[in-house]
>>> print(open('data19.cif').read())   # mmCIF, C-alpha atoms
data_input
loop_
_atom_site.label_atom_id
_atom_site.label_comp_id
_atom_site.auth_asym_id
_atom_site.auth_seq_id
_atom_site.Cartn_x
_atom_site.Cartn_y
_atom_site.Cartn_z
CA MET A 1 0.71 1.53 14.84
CA THR A 2 -1.19 4.27 13.06
CA ASP A 3 0.20 7.39 14.70
CA PRO A 4 1.95 9.59 12.06
CA GLU A 5 4.58 10.70 14.59
CA THR A 6 5.53 7.06 15.19
CA PHE A 7 6.12 6.46 11.50
CA GLU A 8 8.08 9.70 11.21
CA GLU A 9 10.37 8.64 14.07
CA ARG A 10 10.84 5.18 12.53
CA TYR A 11 11.90 6.72 9.22
CA LYS A 12 14.21 9.23 10.91
CA THR A 13 15.98 6.42 12.79
CA GLU A 14 15.76 4.04 9.78
CA ASN A 15 13.94 1.48 11.92
CA THR A 16 11.83 0.37 8.96
CA PRO A 17 12.04 -3.43 8.49
CA TRP A 18 9.14 -3.27 6.01
CA GLU A 19 11.31 -1.41 3.49
CA LEU A 20 12.56 -4.04 1.03
CA GLY A 21 14.89 -2.07 -1.20
CA ARG A 22 13.26 -3.81 -4.18
CA VAL A 23 9.85 -3.88 -5.80
CA ASP A 24 7.33 -6.15 -4.08
CA ALA A 25 6.99 -9.45 -5.96
CA ASN A 26 3.26 -9.62 -5.23
CA LEU A 27 2.75 -6.31 -7.02
CA VAL A 28 4.74 -7.46 -10.06
CA ASN A 29 2.72 -10.69 -10.17
CA ILE A 30 -0.73 -9.08 -10.01
CA LEU A 31 0.08 -6.54 -12.71
CA ALA A 32 1.30 -9.35 -14.97
CA LYS A 33 -1.61 -11.69 -14.23
CA ARG A 34 -4.19 -8.97 -14.83
CA ASN A 35 -2.25 -7.65 -17.85
CA ILE A 36 -2.25 -4.13 -16.38
CA LYS A 37 0.46 -2.36 -18.37
CA THR A 38 -0.54 1.31 -18.13
CA GLY A 39 -2.67 3.62 -16.05
CA ARG A 40 -2.76 6.07 -13.18
CA VAL A 41 -1.61 4.43 -9.95
CA LEU A 42 -1.73 5.58 -6.31
CA ASP A 43 0.79 3.98 -3.93
CA VAL A 44 -0.61 4.49 -0.41
CA GLY A 45 2.04 4.30 2.31
CA CYS A 46 4.79 4.47 -0.30
CA GLY A 47 7.61 4.90 2.22
CA ILE A 48 10.91 5.72 0.54
CA GLY A 49 9.34 5.11 -2.86
CA THR A 50 10.84 1.83 -4.03
CA CYS A 51 7.63 0.45 -5.57
CA THR A 52 6.52 3.91 -6.70
CA ILE A 53 9.75 4.43 -8.64
CA TRP A 54 9.55 0.93 -10.15
CA LEU A 55 6.02 1.68 -11.36
CA ALA A 56 7.21 4.95 -12.92
CA GLU A 57 10.10 3.13 -14.61
CA ASN A 58 7.58 0.71 -16.11
CA GLY A 59 5.34 3.32 -17.69
CA TYR A 60 2.68 3.95 -15.06
CA LYS A 61 1.62 7.49 -14.14
CA ILE A 62 2.31 7.22 -10.45
CA THR A 63 1.65 9.15 -7.26
CA GLY A 64 3.09 8.00 -3.93
CA ILE A 65 1.84 9.21 -0.55
CA ASP A 66 3.01 8.70 3.02
CA VAL A 67 2.41 10.30 6.43
CA SER A 68 6.17 10.56 7.01
CA GLY A 69 7.83 13.67 5.66
CA THR A 70 11.22 11.99 6.04
CA ALA A 71 10.09 9.06 3.90
CA ILE A 72 8.74 11.40 1.22
CA ARG A 73 11.97 13.43 1.13
CA LYS A 74 13.97 10.22 0.67
CA ALA A 75 11.59 9.03 -2.05
CA LYS A 76 11.87 12.31 -3.95
CA GLU A 77 15.67 12.20 -3.72
CA LYS A 78 15.78 8.60 -5.00
CA ALA A 79 13.55 9.50 -7.93
CA ARG A 80 15.63 12.60 -8.70
CA LYS A 81 18.88 10.61 -8.71
CA LYS A 82 17.35 8.07 -11.10
CA GLY A 83 15.86 10.77 -13.33
CA ILE A 84 12.39 9.33 -12.71
CA SER A 85 9.18 11.34 -13.04
CA ALA A 86 6.96 10.45 -10.08
CA THR A 87 4.75 12.56 -7.84
CA PHE A 88 5.09 12.33 -4.05
CA HIS A 89 3.03 13.92 -1.28
CA LYS A 90 3.24 13.90 2.51
CA LEU A 91 -0.39 13.17 3.22
CA ASN A 92 -2.70 11.48 5.75
CA PHE A 93 -4.88 9.23 3.61
CA LEU A 94 -7.71 9.08 6.16
CA LYS A 95 -8.04 12.86 6.29
CA GLU A 96 -6.79 14.35 3.02
CA THR A 97 -7.47 14.09 -0.69
CA VAL A 98 -4.82 13.30 -3.29
CA LYS A 99 -5.26 16.03 -5.89
CA GLU A 100 -4.28 13.76 -8.81
CA ARG A 101 -7.38 11.56 -8.34
CA PRO A 102 -9.07 9.62 -9.84
CA PHE A 103 -6.76 6.63 -10.27
CA ASP A 104 -7.12 3.35 -12.14
CA PHE A 105 -5.24 1.27 -9.58
CA LEU A 106 -4.45 1.68 -5.89
CA PHE A 107 -1.57 -0.23 -4.31
CA ASP A 108 -1.37 -0.73 -0.57
CA ARG A 109 1.44 -2.81 0.88
CA GLY A 110 0.85 -2.85 4.60
CA CYS A 111 -0.92 0.47 5.12
CA PHE A 112 -4.55 -0.65 5.53
CA HIS A 113 -3.57 -3.32 8.04
CA SER A 114 -1.83 -0.79 10.30
CA PHE A 115 -5.18 0.63 11.44
CA ASP A 116 -6.39 -1.04 14.63
CA SER A 117 -9.97 0.19 14.66
CA GLY A 118 -12.67 -1.12 12.36
CA GLU A 119 -13.90 2.45 11.94
CA ASP A 120 -10.52 3.57 10.58
CA ARG A 121 -10.27 0.56 8.27
CA GLY A 122 -13.75 1.37 6.95
CA ARG A 123 -12.72 4.99 6.42
CA PHE A 124 -9.60 3.79 4.56
CA ALA A 125 -11.74 1.61 2.27
CA GLU A 126 -14.20 4.44 1.63
CA ASN A 127 -11.37 6.81 0.78
CA ALA A 128 -9.79 4.20 -1.49
CA ALA A 129 -13.04 4.03 -3.43
CA PHE A 130 -13.26 7.83 -3.54
CA HIS A 131 -9.80 8.02 -5.12
CA LEU A 132 -10.49 5.39 -7.78
CA LYS A 133 -12.27 5.61 -11.12
CA ASP A 134 -15.39 3.52 -11.66
CA LYS A 135 -14.39 -0.16 -11.62
CA GLY A 136 -10.91 0.85 -10.41
CA LEU A 137 -8.83 -1.78 -8.62
CA TRP A 138 -7.35 -1.81 -5.11
CA PHE A 139 -4.54 -4.31 -4.52
CA CYS A 140 -3.91 -4.79 -0.81
CA ILE A 141 -1.30 -6.84 1.04
CA ALA A 142 -2.13 -7.22 4.74
CA GLY A 143 -0.84 -9.26 7.66
CA ILE A 144 -2.85 -12.41 8.36
CA SER A 145 -4.42 -13.23 11.72
CA ASP A 146 -3.38 -16.90 11.90
CA ASP A 147 0.32 -16.23 11.35
CA GLU A 148 2.02 -18.04 14.23
CA ARG A 149 5.41 -16.37 13.84
CA GLU A 150 7.21 -15.29 16.98
CA GLY A 151 8.47 -11.78 17.67
CA LYS A 152 7.59 -8.60 15.83
CA GLY A 153 6.06 -8.39 12.41
CA PRO A 154 3.16 -6.91 10.46
CA PRO A 155 -0.19 -6.28 12.18
CA LYS A 156 -2.49 -9.30 11.95
CA ARG A 157 -5.96 -8.98 10.46
CA SER A 158 -8.68 -11.55 9.93
CA ALA A 159 -10.47 -12.06 6.64
CA THR A 160 -13.66 -10.94 8.39
CA GLU A 161 -12.05 -7.64 9.43
CA ILE A 162 -10.96 -6.98 5.84
CA VAL A 163 -14.30 -7.96 4.27
CA THR A 164 -16.29 -5.91 6.80
CA ALA A 165 -14.29 -2.79 5.95
CA VAL A 166 -14.17 -3.08 2.17
CA GLU A 167 -17.43 -4.79 1.17
CA PRO A 168 -19.63 -1.66 1.25
CA PHE A 169 -17.39 0.01 -1.34
CA PHE A 170 -15.71 -2.81 -3.27
CA GLU A 171 -16.49 -6.11 -4.91
CA ILE A 172 -13.84 -8.53 -3.75
CA GLN A 173 -12.16 -10.18 -6.74
CA PHE A 174 -10.14 -12.47 -4.51
CA ILE A 175 -8.69 -12.71 -1.03
CA ALA A 176 -6.11 -15.44 -0.62
CA SER A 177 -3.55 -16.49 1.94
CA GLY A 178 -0.01 -15.91 0.73
CA LEU A 179 3.31 -14.48 1.88
CA MET A 180 4.64 -11.00 2.31
CA ASP A 181 7.63 -10.30 0.10
CA SER A 182 10.15 -10.03 2.93
CA ASP A 183 13.76 -10.59 3.89
CA SER A 184 12.54 -12.26 7.11
CA LYS A 185 12.85 -16.05 7.29
CA PRO A 186 10.24 -17.40 7.25
CA ALA A 187 8.35 -14.65 5.46
CA PRO A 188 5.24 -13.43 7.27
CA LYS A 189 1.92 -14.77 6.06
CA ALA A 190 -0.30 -12.22 4.34
CA TRP A 191 -3.68 -11.71 2.81
CA ILE A 192 -3.30 -10.97 -0.90
CA CYS A 193 -6.44 -9.06 -1.86
CA LEU A 194 -7.78 -7.58 -5.06
CA MET A 195 -10.94 -5.46 -4.91
CA GLN A 196 -12.89 -3.60 -7.60
CA LYS A 197 -14.75 -0.39 -6.84
CA ARG A 198 -18.50 -0.87 -6.91
#
>>> encode(input="data19.cif", output="structure tokens")
Amino acid sequence: MTDPETFEERYKTENTPWELGRVDANLVNILAKRNIKTGRVLDVGCGIGTCTIWLAENGYKITGIDVSGTAIRKAKEKARKKGISATFHKLNFLKETVKERPFDFLFDRGCFHSFDSGEDRGRFAENAAFHLKDKGLWFCIAGISDDEREGKGPPKRSATEIVTAVEPFFEIQFIASGLMDSDSKPAPKAWICLMQKR
């Protein structure tokens, strides 16, 4: 599901089960484990800005981007109501440049995995590297291919698909099987990935 119009319609109708309404626990954990307390962060596929705003509240210089104008309007309004300074752009990450680059850290909760073609995933990885400083980090949470859940859920990607896309541009720090932070029971399985720009 990579068509911008599809995401726009989902946000207009509030059919967005991936929106948690709270910061993603995996993000909080990686920042703590890596002792990353400051820096310039890009939140790709930020949606209505929940994680973006949390990052701003915790001292990061943050930019959030999404293909949905509705999502970005909601994110800006949330930040305004909280008195939070965060930058938001409606932007197609595969085709456009974020003017605030370069960043120290890129966060991607379920954006990379939404691209069905290997070519698009490779383009995403290349653009992630382009937007990061030397040795910058990309933290990616992606649906996992062996998740046997029934019904709808995140797109499923294999470790091979992820490695093939990112390896030319990033050194993989780790890729581990974990869980999406989710209100679904059971939570969907996910790849928890940390990559460093080559």
>>> closest_residue(input="data19.cif", among="A:Gly59, A:Asp66, A:Arg73, A:Phe112", to="Glu96 (chain A)", atoms="all atoms listed in the file")
A:Asp66
>>> residues_around(input="data19.cif", residues="region 181-186 of chain A", least_positions_apart="3", cutoff="8 Å", atoms="all atoms listed in the file", output="list of chain:residue names")
A:Trp18, A:Leu20, A:Asp24, A:Ala25, A:Asn26
>>> resolve_selection(input="data19.cif", expression="the PyMOL selection byres ((chain A and resi 198) around 9)", output="NGL selection string")
:A and (129 or 134-136 or 168-171 or 196-197)
>>> write_last_selection(input="data19.cif", atoms="C-alpha atoms", output="CSV table (one decimal), keeping the file's coordinate frame")
chain,number,residue,atom,x,y,z
A,129,ALA,CA,-13.0,4.0,-3.4
A,134,ASP,CA,-15.4,3.5,-11.7
A,135,LYS,CA,-14.4,-0.2,-11.6
A,136,GLY,CA,-10.9,0.8,-10.4
A,168,PRO,CA,-19.6,-1.7,1.2
A,169,PHE,CA,-17.4,0.0,-1.3
A,170,PHE,CA,-15.7,-2.8,-3.3
A,171,GLU,CA,-16.5,-6.1,-4.9
A,196,GLN,CA,-12.9,-3.6,-7.6
A,197,LYS,CA,-14.8,-0.4,-6.8
>>> closest_residue(input="data19.cif", among="A:Ala125, A:Ala71, A:Ile192, A:Leu94", to="Thr16 (chain A)", atoms="only C-alpha atoms")
A:Ala71
>>> resolve_selection(input="data19.cif", expression="the PyMOL selection byres ((chain A and resi 108) around 9)", output="PDB file with C-alpha atoms, keeping the file's coordinate frame")
ATOM      1  CA  LEU A  42      -1.730   5.580  -6.310  1.00  0.00           C
ATOM      2  CA  ASP A  43       0.790   3.980  -3.930  1.00  0.00           C
ATOM      3  CA  VAL A  44      -0.610   4.490  -0.410  1.00  0.00           C
ATOM      4  CA  GLY A  45       2.040   4.300   2.310  1.00  0.00           C
ATOM      5  CA  CYS A  46       4.790   4.470  -0.300  1.00  0.00           C
ATOM      6  CA  LEU A 106      -4.450   1.680  -5.890  1.00  0.00           C
ATOM      7  CA  PHE A 107      -1.570  -0.230  -4.310  1.00  0.00           C
ATOM      8  CA  ARG A 109       1.440  -2.810   0.880  1.00  0.00           C
ATOM      9  CA  GLY A 110       0.850  -2.850   4.600  1.00  0.00           C
ATOM     10  CA  CYS A 111      -0.920   0.470   5.120  1.00  0.00           C
ATOM     11  CA  PHE A 112      -4.550  -0.650   5.530  1.00  0.00           C
ATOM     12  CA  TRP A 138      -7.350  -1.810  -5.110  1.00  0.00           C
ATOM     13  CA  PHE A 139      -4.540  -4.310  -4.520  1.00  0.00           C
ATOM     14  CA  CYS A 140      -3.910  -4.790  -0.810  1.00  0.00           C
ATOM     15  CA  ILE A 141      -1.300  -6.840   1.040  1.00  0.00           C
ATOM     16  CA  ALA A 142      -2.130  -7.220   4.740  1.00  0.00           C
TER      17      ALA A 142
END
>>> resolve_selection(input="data19.cif", expression="the PyMOL selection byres ((chain A and resi 60) around 8)", output="list of chain:residue names")
A:Lys37, A:Thr38, A:Gly39, A:Arg40, A:Val41, A:Leu55, A:Ala56, A:Glu57, A:Asn58, A:Gly59, A:Lys61, A:Ile62
>>> closest_residue(input="data19.cif", among="A:Val163, A:Thr52, A:Gly64, A:Asp120", to="Arg101 (chain A)", atoms="all atoms listed in the file")
A:Gly64
>>> atom_distance(input="data19.cif", atom1="CA of Phe174 (chain A)", atom2="CA of Thr63 (chain A)")
24.8 Å
>>> atom_distance(input="data19.cif", atom1="CA of Val67 (chain A)", atom2="CA of Thr6 (chain A)")
9.8 Å
>>> atom_distance(input="data19.cif", atom1="CA of Gly83 (chain A)", atom2="CA of Lys33 (chain A)")
28.5 Å
>>> residues_around(input="data19.cif", residues="Lys78 (chain A)", least_positions_apart="6", cutoff="9 Å", atoms="only C-alpha atoms", output="PyMOL selection string")
chain A and resi 48-50+53+84
>>> residues_around(input="data19.cif", residues="region 159-162 of chain A", least_positions_apart="2", cutoff="12 Å", atoms="all atoms listed in the file", output="PDB file with C-alpha atoms, in the frame of the given file")
ATOM      1  CA  PHE A 112      -4.550  -0.650   5.530  1.00  0.00           C
ATOM      2  CA  HIS A 113      -3.570  -3.320   8.040  1.00  0.00           C
ATOM      3  CA  SER A 114      -1.830  -0.790  10.300  1.00  0.00           C
ATOM      4  CA  PHE A 115      -5.180   0.630  11.440  1.00  0.00           C
ATOM      5  CA  ASP A 116      -6.390  -1.040  14.630  1.00  0.00           C
ATOM      6  CA  SER A 117      -9.970   0.190  14.660  1.00  0.00           C
ATOM      7  CA  GLY A 118     -12.670  -1.120  12.360  1.00  0.00           C
ATOM      8  CA  GLU A 119     -13.900   2.450  11.940  1.00  0.00           C
ATOM      9  CA  ASP A 120     -10.520   3.570  10.580  1.00  0.00           C
ATOM     10  CA  ARG A 121     -10.270   0.560   8.270  1.00  0.00           C
ATOM     11  CA  GLY A 122     -13.750   1.370   6.950  1.00  0.00           C
ATOM     12  CA  PHE A 124      -9.600   3.790   4.560  1.00  0.00           C
ATOM     13  CA  ALA A 125     -11.740   1.610   2.270  1.00  0.00           C
ATOM     14  CA  CYS A 140      -3.910  -4.790  -0.810  1.00  0.00           C
ATOM     15  CA  ILE A 141      -1.300  -6.840   1.040  1.00  0.00           C
ATOM     16  CA  ALA A 142      -2.130  -7.220   4.740  1.00  0.00           C
ATOM     17  CA  GLY A 143      -0.840  -9.260   7.660  1.00  0.00           C
ATOM     18  CA  ILE A 144      -2.850 -12.410   8.360  1.00  0.00           C
ATOM     19  CA  SER A 145      -4.420 -13.230  11.720  1.00  0.00           C
ATOM     20  CA  ASP A 146      -3.380 -16.900  11.900  1.00  0.00           C
ATOM     21  CA  LYS A 156      -2.490  -9.300  11.950  1.00  0.00           C
ATOM     22  CA  ARG A 157      -5.960  -8.980  10.460  1.00  0.00           C
ATOM     23  CA  THR A 164     -16.290  -5.910   6.800  1.00  0.00           C
ATOM     24  CA  ALA A 165     -14.290  -2.790   5.950  1.00  0.00           C
ATOM     25  CA  VAL A 166     -14.170  -3.080   2.170  1.00  0.00           C
ATOM     26  CA  GLU A 167     -17.430  -4.790   1.170  1.00  0.00           C
ATOM     27  CA  PRO A 168     -19.630  -1.660   1.250  1.00  0.00           C
ATOM     28  CA  PHE A 169     -17.390   0.010  -1.340  1.00  0.00           C
ATOM     29  CA  PHE A 170     -15.710  -2.810  -3.270  1.00  0.00           C
ATOM     30  CA  ILE A 172     -13.840  -8.530  -3.750  1.00  0.00           C
ATOM     31  CA  PHE A 174     -10.140 -12.470  -4.510  1.00  0.00           C
ATOM     32  CA  ILE A 175      -8.690 -12.710  -1.030  1.00  0.00           C
ATOM     33  CA  ALA A 176      -6.110 -15.440  -0.620  1.00  0.00           C
ATOM     34  CA  SER A 177      -3.550 -16.490   1.940  1.00  0.00           C
ATOM     35  CA  ALA A 190      -0.300 -12.220   4.340  1.00  0.00           C
ATOM     36  CA  TRP A 191      -3.680 -11.710   2.810  1.00  0.00           C
ATOM     37  CA  ILE A 192      -3.300 -10.970  -0.900  1.00  0.00           C
ATOM     38  CA  CYS A 193      -6.440  -9.060  -1.860  1.00  0.00           C
ATOM     39  CA  LEU A 194      -7.780  -7.580  -5.060  1.00  0.00           C
ATOM     40  CA  MET A 195     -10.940  -5.460  -4.910  1.00  0.00           C
TER      41      MET A 195
END
>>> closest_residue(input="data19.cif", among="A:Arg123, A:His131, A:Lys90, A:Lys189", to="Pro154 (chain A)", atoms="all atoms listed in the file")
A:Lys189
>>> build_atoms(input="data19.cif", residues="region 26-47 of chain A", atoms="N, CA and C atoms", output="PDB file, keeping the file's coordinate frame")
ATOM      1  N   ASN A  26       4.711  -9.467  -5.092  1.00  0.00           N
ATOM      2  CA  ASN A  26       3.260  -9.620  -5.230  1.00  0.00           C
ATOM      3  C   ASN A  26       2.670  -8.579  -6.167  1.00  0.00           C
ATOM      4  N   LEU A  27       3.209  -7.364  -6.118  1.00  0.00           N
ATOM      5  CA  LEU A  27       2.750  -6.310  -7.020  1.00  0.00           C
ATOM      6  C   LEU A  27       3.096  -6.662  -8.467  1.00  0.00           C
ATOM      7  N   VAL A  28       4.318  -7.075  -8.707  1.00  0.00           N
ATOM      8  CA  VAL A  28       4.740  -7.460 -10.060  1.00  0.00           C
ATOM      9  C   VAL A  28       3.838  -8.565 -10.602  1.00  0.00           C
ATOM     10  N   ASN A  29       3.541  -9.548  -9.747  1.00  0.00           N
ATOM     11  CA  ASN A  29       2.720 -10.690 -10.170  1.00  0.00           C
ATOM     12  C   ASN A  29       1.305 -10.284 -10.538  1.00  0.00           C
ATOM     13  N   ILE A  30       0.670  -9.431  -9.724  1.00  0.00           N
ATOM     14  CA  ILE A  30      -0.730  -9.080 -10.010  1.00  0.00           C
ATOM     15  C   ILE A  30      -0.830  -8.233 -11.272  1.00  0.00           C
ATOM     16  N   LEU A  31       0.123  -7.347 -11.490  1.00  0.00           N
ATOM     17  CA  LEU A  31       0.080  -6.540 -12.710  1.00  0.00           C
ATOM     18  C   LEU A  31       0.244  -7.417 -13.945  1.00  0.00           C
ATOM     19  N   ALA A  32       1.110  -8.435 -13.841  1.00  0.00           N
ATOM     20  CA  ALA A  32       1.300  -9.350 -14.970  1.00  0.00           C
ATOM     21  C   ALA A  32       0.078 -10.229 -15.184  1.00  0.00           C
ATOM     22  N   LYS A  33      -0.465 -10.785 -14.102  1.00  0.00           N
ATOM     23  CA  LYS A  33      -1.610 -11.690 -14.230  1.00  0.00           C
ATOM     24  C   LYS A  33      -2.842 -10.973 -14.762  1.00  0.00           C
ATOM     25  N   ARG A  34      -3.032  -9.734 -14.374  1.00  0.00           N
ATOM     26  CA  ARG A  34      -4.190  -8.970 -14.830  1.00  0.00           C
ATOM     27  C   ARG A  34      -3.893  -8.182 -16.111  1.00  0.00           C
ATOM     28  N   ASN A  35      -2.673  -8.315 -16.612  1.00  0.00           N
ATOM     29  CA  ASN A  35      -2.250  -7.650 -17.850  1.00  0.00           C
ATOM     30  C   ASN A  35      -2.489  -6.131 -17.764  1.00  0.00           C
ATOM     31  N   ILE A  36      -2.121  -5.567 -16.601  1.00  0.00           N
ATOM     32  CA  ILE A  36      -2.250  -4.130 -16.380  1.00  0.00           C
ATOM     33  C   ILE A  36      -0.896  -3.496 -16.727  1.00  0.00           C
ATOM     34  N   LYS A  37      -0.826  -2.860 -17.884  1.00  0.00           N
ATOM     35  CA  LYS A  37       0.460  -2.360 -18.370  1.00  0.00           C
ATOM     36  C   LYS A  37       0.580  -0.843 -18.319  1.00  0.00           C
ATOM     37  N   THR A  38      -0.545  -0.154 -18.182  1.00  0.00           N
ATOM     38  CA  THR A  38      -0.540   1.310 -18.130  1.00  0.00           C
ATOM     39  C   THR A  38      -1.604   1.765 -17.151  1.00  0.00           C
ATOM     40  N   GLY A  39      -1.607   3.061 -16.878  1.00  0.00           N
ATOM     41  CA  GLY A  39      -2.670   3.620 -16.050  1.00  0.00           C
ATOM     42  C   GLY A  39      -2.132   4.531 -14.971  1.00  0.00           C
ATOM     43  N   ARG A  40      -3.074   5.159 -14.282  1.00  0.00           N
ATOM     44  CA  ARG A  40      -2.760   6.070 -13.180  1.00  0.00           C
ATOM     45  C   ARG A  40      -2.825   5.269 -11.876  1.00  0.00           C
ATOM     46  N   VAL A  41      -1.727   5.273 -11.140  1.00  0.00           N
ATOM     47  CA  VAL A  41      -1.610   4.430  -9.950  1.00  0.00           C
ATOM     48  C   VAL A  41      -1.339   5.299  -8.726  1.00  0.00           C
ATOM     49  N   LEU A  42      -1.989   4.945  -7.610  1.00  0.00           N
ATOM     50  CA  LEU A  42      -1.730   5.580  -6.310  1.00  0.00           C
ATOM     51  C   LEU A  42      -1.104   4.542  -5.394  1.00  0.00           C
ATOM     52  N   ASP A  43       0.081   4.847  -4.879  1.00  0.00           N
ATOM     53  CA  ASP A  43       0.790   3.980  -3.930  1.00  0.00           C
ATOM     54  C   ASP A  43       0.597   4.599  -2.538  1.00  0.00           C
ATOM     55  N   VAL A  44      -0.270   3.976  -1.737  1.00  0.00           N
ATOM     56  CA  VAL A  44      -0.610   4.490  -0.410  1.00  0.00           C
ATOM     57  C   VAL A  44       0.354   3.894   0.617  1.00  0.00           C
ATOM     58  N   GLY A  45       1.008   4.768   1.387  1.00  0.00           N
ATOM     59  CA  GLY A  45       2.040   4.300   2.310  1.00  0.00           C
ATOM     60  C   GLY A  45       3.286   3.915   1.541  1.00  0.00           C
ATOM     61  N   CYS A  46       3.707   4.798   0.646  1.00  0.00           N
ATOM     62  CA  CYS A  46       4.790   4.470  -0.300  1.00  0.00           C
ATOM     63  C   CYS A  46       6.165   4.402   0.347  1.00  0.00           C
ATOM     64  N   GLY A  47       6.307   4.920   1.581  1.00  0.00           N
ATOM     65  CA  GLY A  47       7.610   4.900   2.220  1.00  0.00           C
ATOM     66  C   GLY A  47       8.649   5.655   1.416  1.00  0.00           C
TER      67      GLY A  47
END
